[in-house]
>>> print(open('query37.pdb').read())   # PDB, C-alpha atoms and all ligand atoms
ATOM      1  CA  MET A1333     154.807  96.890  35.824
ATOM      2  CA  GLN A1334     153.026  96.466  32.498
ATOM      3  CA  ARG A1335     150.978  99.521  31.658
ATOM      4  CA  GLN A1336     147.454  98.838  30.519
ATOM      5  CA  ARG A1337     145.895 101.105  27.979
ATOM      6  CA  HIS A1338     142.453 102.531  28.198
ATOM      7  CA  LEU A1339     140.666 105.578  26.916
ATOM      8  CA  VAL A1340     140.606 108.751  28.870
ATOM      9  CA  CYS A1341     138.647 111.806  27.909
ATOM     10  CA  PHE A1342     141.107 114.551  27.142
ATOM     11  CA  SER A1343     138.442 117.063  27.910
ATOM     12  CA  VAL A1344     135.195 118.632  26.990
ATOM     13  CA  GLY A1345     136.277 122.082  28.029
ATOM     14  CA  LEU A1346     139.587 121.533  26.266
ATOM     15  CA  SER A1347     138.660 118.939  23.707
ATOM     16  CA  VAL A1348     140.737 117.406  20.971
ATOM     17  CA  LEU A1349     139.137 118.048  17.610
ATOM     18  CA  GLY A1350     141.615 116.292  15.446
ATOM     19  CA  CYS A1351     145.075 114.963  15.810
ATOM     20  CA  ARG A1352     148.318 115.584  14.005
ATOM     21  CA  HIS A1353     149.649 112.372  15.451
ATOM     22  CA  ARG A1354     152.673 114.161  16.855
ATOM     23  CA  HIS A1355     152.292 112.270  20.099
ATOM     24  CA  VAL A1356     152.158 108.829  18.531
ATOM     25  CA  SER A1357     155.435 107.014  18.413
ATOM     26  CA  ALA A1358     156.088 104.400  15.746
ATOM     27  CA  GLY A1359     153.976 101.309  16.040
ATOM     28  CA  ARG A1360     151.549 102.776  18.545
ATOM     29  CA  TYR A1361     147.961 103.503  17.752
ATOM     30  CA  CYS A1362     146.110 106.746  18.148
ATOM     31  CA  CYS A1363     142.433 107.171  18.729
ATOM     32  CA  CYS A1364     142.354 110.950  18.886
ATOM     33  CA  HIS A1365     140.217 111.336  15.835
ATOM     34  CA  SER A1366     138.009 108.296  16.315
ATOM     35  CA  ARG A1367     135.554 109.945  18.679
ATOM     36  CA  GLY A1368     136.879 113.476  18.485
ATOM     37  CA  ARG A1369     138.058 113.816  22.013
ATOM     38  CA  PHE A1370     139.577 110.581  23.224
ATOM     39  CA  ARG A1371     143.119 109.436  23.258
ATOM     40  CA  ALA A1372     144.921 106.516  24.729
ATOM     41  CA  VAL A1373     146.939 106.890  27.878
ATOM     42  CA  SER A1374     148.275 104.423  30.358
ATOM     43  CA  THR A1375     146.289 103.660  33.487
ATOM     44  CA  ARG A1376     149.300 104.775  35.496
ATOM     45  CA  THR A1377     149.220 108.168  33.827
ATOM     46  CA  ALA A1378     145.492 108.425  34.292
ATOM     47  CA  MET A1379     145.834 107.706  38.000
ATOM     48  CA  LEU A1380     148.726 110.118  38.250
ATOM     49  CA  THR A1381     146.829 112.999  36.755
ATOM     50  CA  GLY A1382     143.536 112.128  38.375
ATOM     51  CA  LEU A1383     141.736 112.868  35.119
ATOM     52  CA  SER A1384     139.142 110.428  33.956
ATOM     53  CA  GLN A1385     136.590 110.052  31.226
ATOM     54  CA  HIS A1386     133.947 111.568  33.427
ATOM     55  CA  LYS A1387     135.932 114.581  34.558
ATOM     56  CA  PRO A1388     136.675 116.968  31.688
ATOM     57  CA  LEU A1389     139.090 119.872  32.028
ATOM     58  CA  THR A1390     137.519 123.331  31.873
ATOM     59  CA  PHE A1391     139.198 126.723  31.439
ATOM     60  CA  VAL A1392     137.572 129.157  33.844
ATOM     61  CA  THR A1393     138.002 132.815  32.944
ATOM     62  CA  SER A1394     135.938 135.958  32.642
ATOM     63  CA  ASN A1395     138.275 137.331  29.973
ATOM     64  CA  GLU A1396     137.492 136.563  26.328
ATOM     65  CA  LYS A1397     140.815 137.933  25.067
ATOM     66  CA  LYS A1398     142.746 135.505  27.272
ATOM     67  CA  LEU A1399     140.657 132.684  25.884
ATOM     68  CA  ALA A1400     141.185 133.769  22.273
ATOM     69  CA  GLU A1401     144.950 134.054  22.741
ATOM     70  CA  LEU A1402     145.273 130.691  24.483
ATOM     71  CA  ARG A1403     143.266 129.011  21.753
ATOM     72  CA  ALA A1404     145.418 130.562  19.025
ATOM     73  CA  ILE A1405     148.677 129.792  20.820
ATOM     74  CA  LEU A1406     147.852 126.124  21.363
ATOM     75  CA  ARG A1407     146.612 125.705  17.794
ATOM     76  CA  ASP A1408     149.092 127.759  15.771
ATOM     77  CA  LEU A1409     152.258 127.749  17.814
ATOM     78  CA  VAL A1410     152.252 124.703  20.010
ATOM     79  CA  GLY A1411     150.585 122.388  17.492
ATOM     80  CA  MET A1412     147.856 121.052  19.746
ATOM     81  CA  GLU A1413     144.561 120.710  17.910
ATOM     82  CA  VAL A1414     142.246 121.809  20.647
ATOM     83  CA  THR A1415     139.115 123.774  21.119
ATOM     84  CA  ILE A1416     138.478 125.497  24.382
ATOM     85  CA  GLU A1417     135.225 126.416  25.999
ATOM     86  CA  ALA A1418     135.447 128.835  28.842
ATOM     87  CA  ARG A1419     133.206 129.031  31.869
ATOM     88  CA  HIS A1420     132.675 132.463  33.223
ATOM     89  CA  ILE A1421     132.764 132.278  36.979
ATOM     90  CA  ASP A1422     133.752 135.370  38.916
ATOM     91  CA  LEU A1423     136.574 133.839  40.890
ATOM     92  CA  PRO A1424     137.580 135.490  44.140
ATOM     93  CA  GLU A1425     141.220 136.633  44.024
ATOM     94  CA  ILE A1426     143.054 136.792  47.346
ATOM     95  CA  GLN A1427     145.799 139.313  48.048
ATOM     96  CA  GLY A1428     149.408 138.180  48.150
ATOM     97  CA  GLU A1429     152.033 136.637  45.910
ATOM     98  CA  ALA A1430     151.022 135.979  42.318
ATOM     99  CA  GLU A1431     151.573 132.217  42.664
ATOM    100  CA  ASP A1432     149.327 132.027  45.735
ATOM    101  CA  ILE A1433     146.616 134.015  43.982
ATOM    102  CA  ALA A1434     146.717 131.660  40.974
ATOM    103  CA  ARG A1435     146.670 128.566  43.200
ATOM    104  CA  GLU A1436     143.731 129.769  45.250
ATOM    105  CA  LYS A1437     141.831 130.859  42.138
ATOM    106  CA  CYS A1438     142.364 127.368  40.738
ATOM    107  CA  ARG A1439     141.252 125.582  43.903
ATOM    108  CA  TYR A1440     138.100 127.653  43.900
ATOM    109  CA  ALA A1441     137.440 126.923  40.209
ATOM    110  CA  ALA A1442     138.019 123.181  40.629
ATOM    111  CA  ARG A1443     135.617 123.066  43.558
ATOM    112  CA  ALA A1444     133.026 125.053  41.609
ATOM    113  CA  ILE A1445     133.419 122.802  38.537
ATOM    114  CA  GLN A1446     133.742 119.692  40.710
ATOM    115  CA  GLY A1447     136.449 118.445  38.423
ATOM    116  CA  PRO A1448     139.662 119.376  36.597
ATOM    117  CA  ALA A1449     140.003 123.125  36.131
ATOM    118  CA  LEU A1450     142.398 125.488  34.392
ATOM    119  CA  VAL A1451     142.679 129.160  35.368
ATOM    120  CA  GLU A1452     145.096 131.928  34.490
ATOM    121  CA  ASP A1453     146.296 135.024  36.308
ATOM    122  CA  THR A1454     148.260 137.806  34.653
ATOM    123  CA  GLN A1455     150.534 140.384  36.272
ATOM    124  CA  LEU A1456     152.277 143.524  35.051
ATOM    125  CA  CYS A1457     155.246 144.224  37.314
ATOM    126  CA  TYR A1458     157.005 147.616  37.252
ATOM    127  CA  HIS A1459     160.637 147.161  38.267
ATOM    128  CA  ALA A1460     160.774 150.644  39.794
ATOM    129  CA  PHE A1461     157.885 149.682  42.103
ATOM    130  CA  GLY A1462     159.318 146.392  43.323
ATOM    131  CA  GLY A1463     156.915 144.406  41.148
ATOM    132  CA  LEU A1464     153.699 146.390  41.684
ATOM    133  CA  PRO A1465     151.032 146.670  40.441
ATOM    134  CA  GLY A1466     151.673 142.983  39.668
ATOM    135  CA  PRO A1467     148.500 140.935  40.263
ATOM    136  CA  TYR A1468     146.530 144.086  41.051
ATOM    137  CA  VAL A1469     147.012 145.525  37.563
ATOM    138  CA  LYS A1470     143.340 145.051  36.688
ATOM    139  CA  TYR A1471     142.286 147.580  39.318
ATOM    140  CA  PHE A1472     144.980 150.074  38.343
ATOM    141  CA  LEU A1473     143.945 149.787  34.729
ATOM    142  CA  ARG A1474     140.269 150.169  35.526
ATOM    143  CA  ASN A1475     140.847 153.400  37.479
ATOM    144  CA  LEU A1476     143.803 154.973  35.688
ATOM    145  CA  GLY A1477     143.517 153.701  32.134
ATOM    146  CA  PRO A1478     146.647 153.082  30.035
ATOM    147  CA  GLU A1479     147.588 156.810  30.090
ATOM    148  CA  GLY A1480     147.517 156.972  33.870
ATOM    149  CA  MET A1481     149.451 153.735  34.183
ATOM    150  CA  GLU A1482     152.226 155.176  32.036
ATOM    151  CA  LYS A1483     152.234 158.454  33.989
ATOM    152  CA  LEU A1484     152.748 156.558  37.243
ATOM    153  CA  LEU A1485     156.390 156.181  36.219
ATOM    154  CA  ALA A1486     156.887 159.858  35.292
ATOM    155  CA  ALA A1487     159.287 160.488  38.173
ATOM    156  CA  TRP A1488     161.290 157.297  37.597
ATOM    157  CA  ASP A1489     164.052 156.720  35.035
ATOM    158  CA  ASP A1490     163.575 152.982  35.233
ATOM    159  CA  LYS A1491     160.682 152.150  32.881
ATOM    160  CA  ARG A1492     161.321 148.410  32.845
ATOM    161  CA  ALA A1493     158.419 146.014  33.434
ATOM    162  CA  THR A1494     157.807 142.278  33.395
ATOM    163  CA  ALA A1495     154.618 140.845  31.941
ATOM    164  CA  GLN A1496     153.852 137.553  33.641
ATOM    165  CA  CYS A1497     151.249 134.882  33.063
ATOM    166  CA  ILE A1498     150.564 131.971  35.397
ATOM    167  CA  PHE A1499     148.343 129.061  34.383
ATOM    168  CA  ALA A1500     147.132 126.926  37.270
ATOM    169  CA  LEU A1501     145.754 123.477  36.583
ATOM    170  CA  ALA A1502     144.017 121.293  39.178
ATOM    171  CA  VAL A1503     143.498 117.769  37.928
ATOM    172  CA  ASP A1504     140.568 117.210  40.239
ATOM    173  CA  ALA A1505     138.277 119.092  42.589
ATOM    174  CA  ASP A1506     140.561 118.583  45.588
ATOM    175  CA  ALA A1507     143.927 118.305  43.831
ATOM    176  CA  GLU A1508     146.851 120.644  44.498
ATOM    177  CA  PRO A1509     147.242 122.940  41.443
ATOM    178  CA  HIS A1510     150.213 122.700  39.056
ATOM    179  CA  LEU A1511     151.594 126.096  38.004
ATOM    180  CA  PHE A1512     153.007 127.090  34.585
ATOM    181  CA  THR A1513     154.629 130.514  34.418
ATOM    182  CA  GLY A1514     155.782 132.637  31.494
ATOM    183  CA  GLN A1515     157.447 136.058  31.483
ATOM    184  CA  THR A1516     158.248 138.678  28.863
ATOM    185  CA  LEU A1517     160.506 141.607  29.711
ATOM    186  CA  GLY A1518     159.845 145.063  28.323
ATOM    187  CA  ARG A1519     159.258 148.693  29.170
ATOM    188  CA  ILE A1520     156.334 150.974  29.863
ATOM    189  CA  VAL A1521     155.747 153.562  27.131
ATOM    190  CA  VAL A1522     153.191 156.230  26.212
ATOM    191  CA  PRO A1523     150.150 154.277  24.897
ATOM    192  CA  ARG A1524     150.302 153.268  21.221
ATOM    193  CA  GLY A1525     148.135 150.929  19.171
ATOM    194  CA  LYS A1526     144.804 149.155  19.558
ATOM    195  CA  ARG A1527     142.791 149.605  22.738
ATOM    196  CA  ASN A1528     141.086 146.237  22.853
ATOM    197  CA  PHE A1529     143.140 144.353  25.428
ATOM    198  CA  GLY A1530     144.122 145.685  28.817
ATOM    199  CA  TRP A1531     147.568 147.248  29.125
ATOM    200  CA  ASP A1532     148.795 146.111  25.685
ATOM    201  CA  PRO A1533     149.187 149.775  24.485
ATOM    202  CA  ILE A1534     151.792 150.635  27.152
ATOM    203  CA  PHE A1535     153.920 147.472  27.066
ATOM    204  CA  GLN A1536     156.807 147.379  24.577
ATOM    205  CA  PRO A1537     158.678 144.062  24.741
ATOM    206  CA  ASP A1538     162.482 144.187  24.723
ATOM    207  CA  GLY A1539     163.985 143.869  21.249
ATOM    208  CA  HIS A1540     160.843 145.196  19.546
ATOM    209  CA  GLU A1541     159.862 148.611  18.202
ATOM    210  CA  LYS A1542     156.130 147.976  18.649
ATOM    211  CA  THR A1543     153.950 147.762  21.725
ATOM    212  CA  TYR A1544     151.893 144.594  22.178
ATOM    213  CA  ALA A1545     148.915 146.640  20.946
ATOM    214  CA  GLU A1546     150.693 147.568  17.693
ATOM    215  CA  MET A1547     151.591 143.959  16.949
ATOM    216  CA  SER A1548     149.445 141.550  14.988
ATOM    217  CA  GLU A1549     147.913 138.718  17.029
ATOM    218  CA  GLY A1550     150.527 136.371  15.619
ATOM    219  CA  GLU A1551     153.432 138.657  16.504
ATOM    220  CA  LYS A1552     152.283 139.081  20.105
ATOM    221  CA  ASN A1553     151.448 135.413  20.545
ATOM    222  CA  ALA A1554     154.907 134.367  19.366
ATOM    223  CA  ILE A1555     156.718 136.211  22.150
ATOM    224  CA  SER A1556     154.164 136.918  24.842
ATOM    225  CA  HIS A1557     154.139 136.014  28.523
ATOM    226  CA  ARG A1558     151.015 133.964  27.758
ATOM    227  CA  PHE A1559     152.759 132.057  24.961
ATOM    228  CA  ARG A1560     155.643 131.149  27.266
ATOM    229  CA  ALA A1561     153.325 129.943  30.029
ATOM    230  CA  ALA A1562     151.067 128.117  27.551
ATOM    231  CA  SER A1563     154.073 126.284  26.091
ATOM    232  CA  ARG A1564     154.847 124.873  29.536
ATOM    233  CA  LEU A1565     151.206 123.972  30.071
ATOM    234  CA  ALA A1566     151.119 122.219  26.684
ATOM    235  CA  GLU A1567     154.237 120.256  27.594
ATOM    236  CA  PHE A1568     152.529 119.018  30.755
ATOM    237  CA  LEU A1569     149.392 118.081  28.837
ATOM    238  CA  ARG A1570     151.462 116.211  26.256
ATOM    239  CA  ASN A1571     153.356 114.308  28.922
ATOM    240  CA  HIS A1572     150.224 113.312  30.752
ATOM    241  CA  TYR A1573     147.844 112.722  27.891
ATOM    242  CA  THR A1574     149.958 111.130  25.231
ATOM    243  CA  THR A1575     150.338 107.577  24.100
ATOM    244  CA  ARG A1576     153.678 106.250  25.278
TER     245      ARG A1576
HETATM  246  O1  LIG B1601     138.671 135.954  35.008
HETATM  247  P1  LIG B1601     140.148 136.152  34.901
HETATM  248  O2  LIG B1601     140.828 135.049  34.115
HETATM  249  O3  LIG B1601     140.810 136.434  36.224
HETATM  250  O4  LIG B1601     140.354 137.458  33.948
HETATM  251  P2  LIG B1601     140.749 138.933  34.395
HETATM  252  O5  LIG B1601     140.416 139.836  33.253
HETATM  253  O6  LIG B1601     140.165 139.240  35.723
HETATM  254  O7  LIG B1601     142.326 138.868  34.467
HETATM  255  P3  LIG B1601     143.357 138.938  35.694
HETATM  256  O8  LIG B1601     142.658 138.750  36.995
HETATM  257  O9  LIG B1601     144.467 138.001  35.355
HETATM  258  O10 LIG B1601     143.849 140.439  35.627
HETATM  259  C1  LIG B1601     144.799 140.828  34.684
HETATM  260  C2  LIG B1601     144.500 142.179  34.101
HETATM  261  O11 LIG B1601     145.426 142.360  33.041
HETATM  262  C3  LIG B1601     144.743 142.362  31.781
HETATM  263  N1  LIG B1601     145.480 141.462  30.893
HETATM  264  C4  LIG B1601     145.601 140.123  30.994
HETATM  265  N2  LIG B1601     146.381 139.643  30.019
HETATM  266  C5  LIG B1601     146.770 140.703  29.278
HETATM  267  C6  LIG B1601     147.557 140.851  28.125
HETATM  268  O12 LIG B1601     148.115 139.811  27.526
HETATM  269  N3  LIG B1601     147.730 142.087  27.612
HETATM  270  C7  LIG B1601     147.161 143.161  28.196
HETATM  271  N4  LIG B1601     146.369 143.106  29.282
HETATM  272  C8  LIG B1601     146.182 141.878  29.830
HETATM  273  C9  LIG B1601     143.337 141.885  32.041
HETATM  274  O13 LIG B1601     142.440 142.488  31.116
HETATM  275  C10 LIG B1601     143.116 142.351  33.481
HETATM  276  O14 LIG B1601     142.763 143.713  33.496
HETATM  277 MG    MG B1602     140.665 138.226  37.450
END
>>> encode(input="query37.pdb", output="structure tokens")
Amino acid sequence: MQRQRHLVCFSVGLSVLGCRHRHVSAGRYCCCHSRGRFRAVSTRTAMLTGLSQHKPLTFVTSNEKKLAELRAILRDLVGMEVTIEARHIDLPEIQGEAEDIAREKCRYAARAIQGPALVEDTQLCYHAFGGLPGPYVKYFLRNLGPEGMEKLLAAWDDKRATAQCIFALAVDADAEPHLFTGQTLGRIVVPRGKRNFGWDPIFQPDGHEKTYAEMSEGEKNAISHRFRAASRLAEFLRNHYTTR
């Protein structure tokens, strides 16, 4: 079947500002920069993703640091020229497995937006605790602070932890979310470094002498759980929004 080309809005929430033409193969045209946020895709792709010119993708989060990191990762590391506008909606988070929480959060966001929605859920999983606090880390952190979260492991020799990030993307209000997961292994240490983002001061990634909080933004973003998940998300976006 011959694919017809037409313009599809990449997003308003996640809009293309410019284009490095990485997605354009020889002989094909690119319209990324013509109107700022349009690019050519095949009608088959457009139908597949469910995204259309009238349904922009929006990142829904209450966390400004997540937003800042995602923006920097996509721009600096993954090479996607994008700008992201977040919508702050207090999304209900069910109890259960991390994947189910992310999916449900995404369904809720997509229904609230009435269109394509991106959400993210982050977990910090202590190996000694069988993965807890995992998706409930926000509540542990709020009540115990980084010091208390480190002390939780005082009686355990095993200080290992996995930082995990799950992006969930629903291409339409009623679509089943796609998940993109990234993990970074490390250990829980006595807090060191800046105190401006969650549990960063107590997480020291394997192979590094610094905690996340002691690293520069660039250092953390190059190895983080969020970077790994965002790379998979970017791959999906490229595959579904690029000129072929
Ligand atoms: O609105 P949402 O996107 O849900 O934002 P949130 O802050 O509620 O985030 P989560 O539900 O995913 O809870 C994760 C907790 O872990 C914290 N967190 C998330 N990513 C982190 C990172 O990269 N480093 C340190 N702390 C992080 C975050 O501040 C929360 O306290
Ligand atoms: Mg949350």
>>> residues_around(input="query37.pdb", residues="segment 1525-1537 of chain A", least_positions_apart="5", cutoff="9 Å", atoms="all atoms listed in the file", output="list in words")
Lys1397, Leu1456, Val1469, Lys1470, Leu1473, Arg1474, Gly1477, Pro1478, Glu1479, Met1481, Glu1482, Ala1493, Thr1494, Ala1495, Thr1516, Leu1517, Gly1518, Arg1519, Ile1520, Lys1542, Thr1543, Tyr1544, Ala1545, Glu1546, Met1547, Ile1555 and Ser1556 of chain A
>>> residues_around(input="query37.pdb", residues="segment 1419-1433 of chain A", least_positions_apart="6", cutoff="9 Å", atoms="all atoms listed in the file", output="list in words")
Gly1345, Thr1390, Phe1391, Val1392, Thr1393, Ser1394, Asn1395, Tyr1440, Ala1441, Ala1444, Asp1453, Thr1454, Gln1455, Gly1466, Pro1467, Tyr1468, Ile1498, Ala1500, Leu1511 and Thr1513 of chain A
>>> atom_distance(input="query37.pdb", atom1="atom CA of Arg1435 of chain A", atom2="atom CA of Glu1549 of chain A")
28.1 Å
>>> atom_distance(input="query37.pdb", atom1="atom CA of Ala1418 of chain A", atom2="atom CA of Leu1389 of chain A")
10.2 Å
>>> axis_aligned_box(input="query37.pdb", around="ligand LIG 1601 (chain B)", padding_each_side="3 Å", output="JSON")
{"center_x": 143.4, "center_y": 139.4, "center_z": 32.3, "size_x": 15.4, "size_y": 14.7, "size_z": 15.5}
>>> resolve_selection(input="query37.pdb", expression="the PyMOL selection byres (((chain A and resi 1438) around 7) and not hetatm)", output="JSON, numbers by chain")
{"A": [1434, 1435, 1436, 1437, 1439, 1440, 1441, 1442, 1449, 1450, 1451, 1500, 1501, 1502, 1509]}
>>> write_last_selection(input="query37.pdb", atoms="C-alpha atoms", output="compact mmCIF listing (two decimals), in the frame of the given file")
# COMPACT_ATOMS: atom_id res chain seq x y z
CA ALA A 1434 146.72 131.66 40.97
CA ARG A 1435 146.67 128.57 43.20
CA GLU A 1436 143.73 129.77 45.25
CA LYS A 1437 141.83 130.86 42.14
CA ARG A 1439 141.25 125.58 43.90
CA TYR A 1440 138.10 127.65 43.90
CA ALA A 1441 137.44 126.92 40.21
CA ALA A 1442 138.02 123.18 40.63
CA ALA A 1449 140.00 123.12 36.13
CA LEU A 1450 142.40 125.49 34.39
CA VAL A 1451 142.68 129.16 35.37
CA ALA A 1500 147.13 126.93 37.27
CA LEU A 1501 145.75 123.48 36.58
CA ALA A 1502 144.02 121.29 39.18
CA PRO A 1509 147.24 122.94 41.44
>>> atom_distance(input="query37.pdb", atom1="atom CA of Cys1497 of chain A", atom2="atom CA of Arg1570 of chain A")
19.9 Å
>>> closest_residue(input="query37.pdb", among="A:Gln1446, A:Asn1571, A:Gln1515, A:Ser1563", to="Leu1406 of chain A", atoms="all atoms listed in the file")
A:Ser1563
>>> closest_residue(input="query37.pdb", among="A:Gly1539, A:Leu1399, A:Tyr1471, A:His1459", to="ligand MG 1602 (chain B)", atoms="all atoms listed in the file")
A:Tyr1471
>>> closest_residue(input="query37.pdb", among="A:Ala1507, A:Phe1499, A:Gly1550, A:Val1521", to="Leu1484 of chain A", atoms="all atoms listed in the file")
A:Val1521
>>> resolve_selection(input="query37.pdb", expression="the PyMOL selection byres (((chain A and resi 1566) around 10) and not hetatm)", output="MDAnalysis selection string")
chainID A and resid 1405:1406 1410:1412 1512 1561:1565 1567:1572
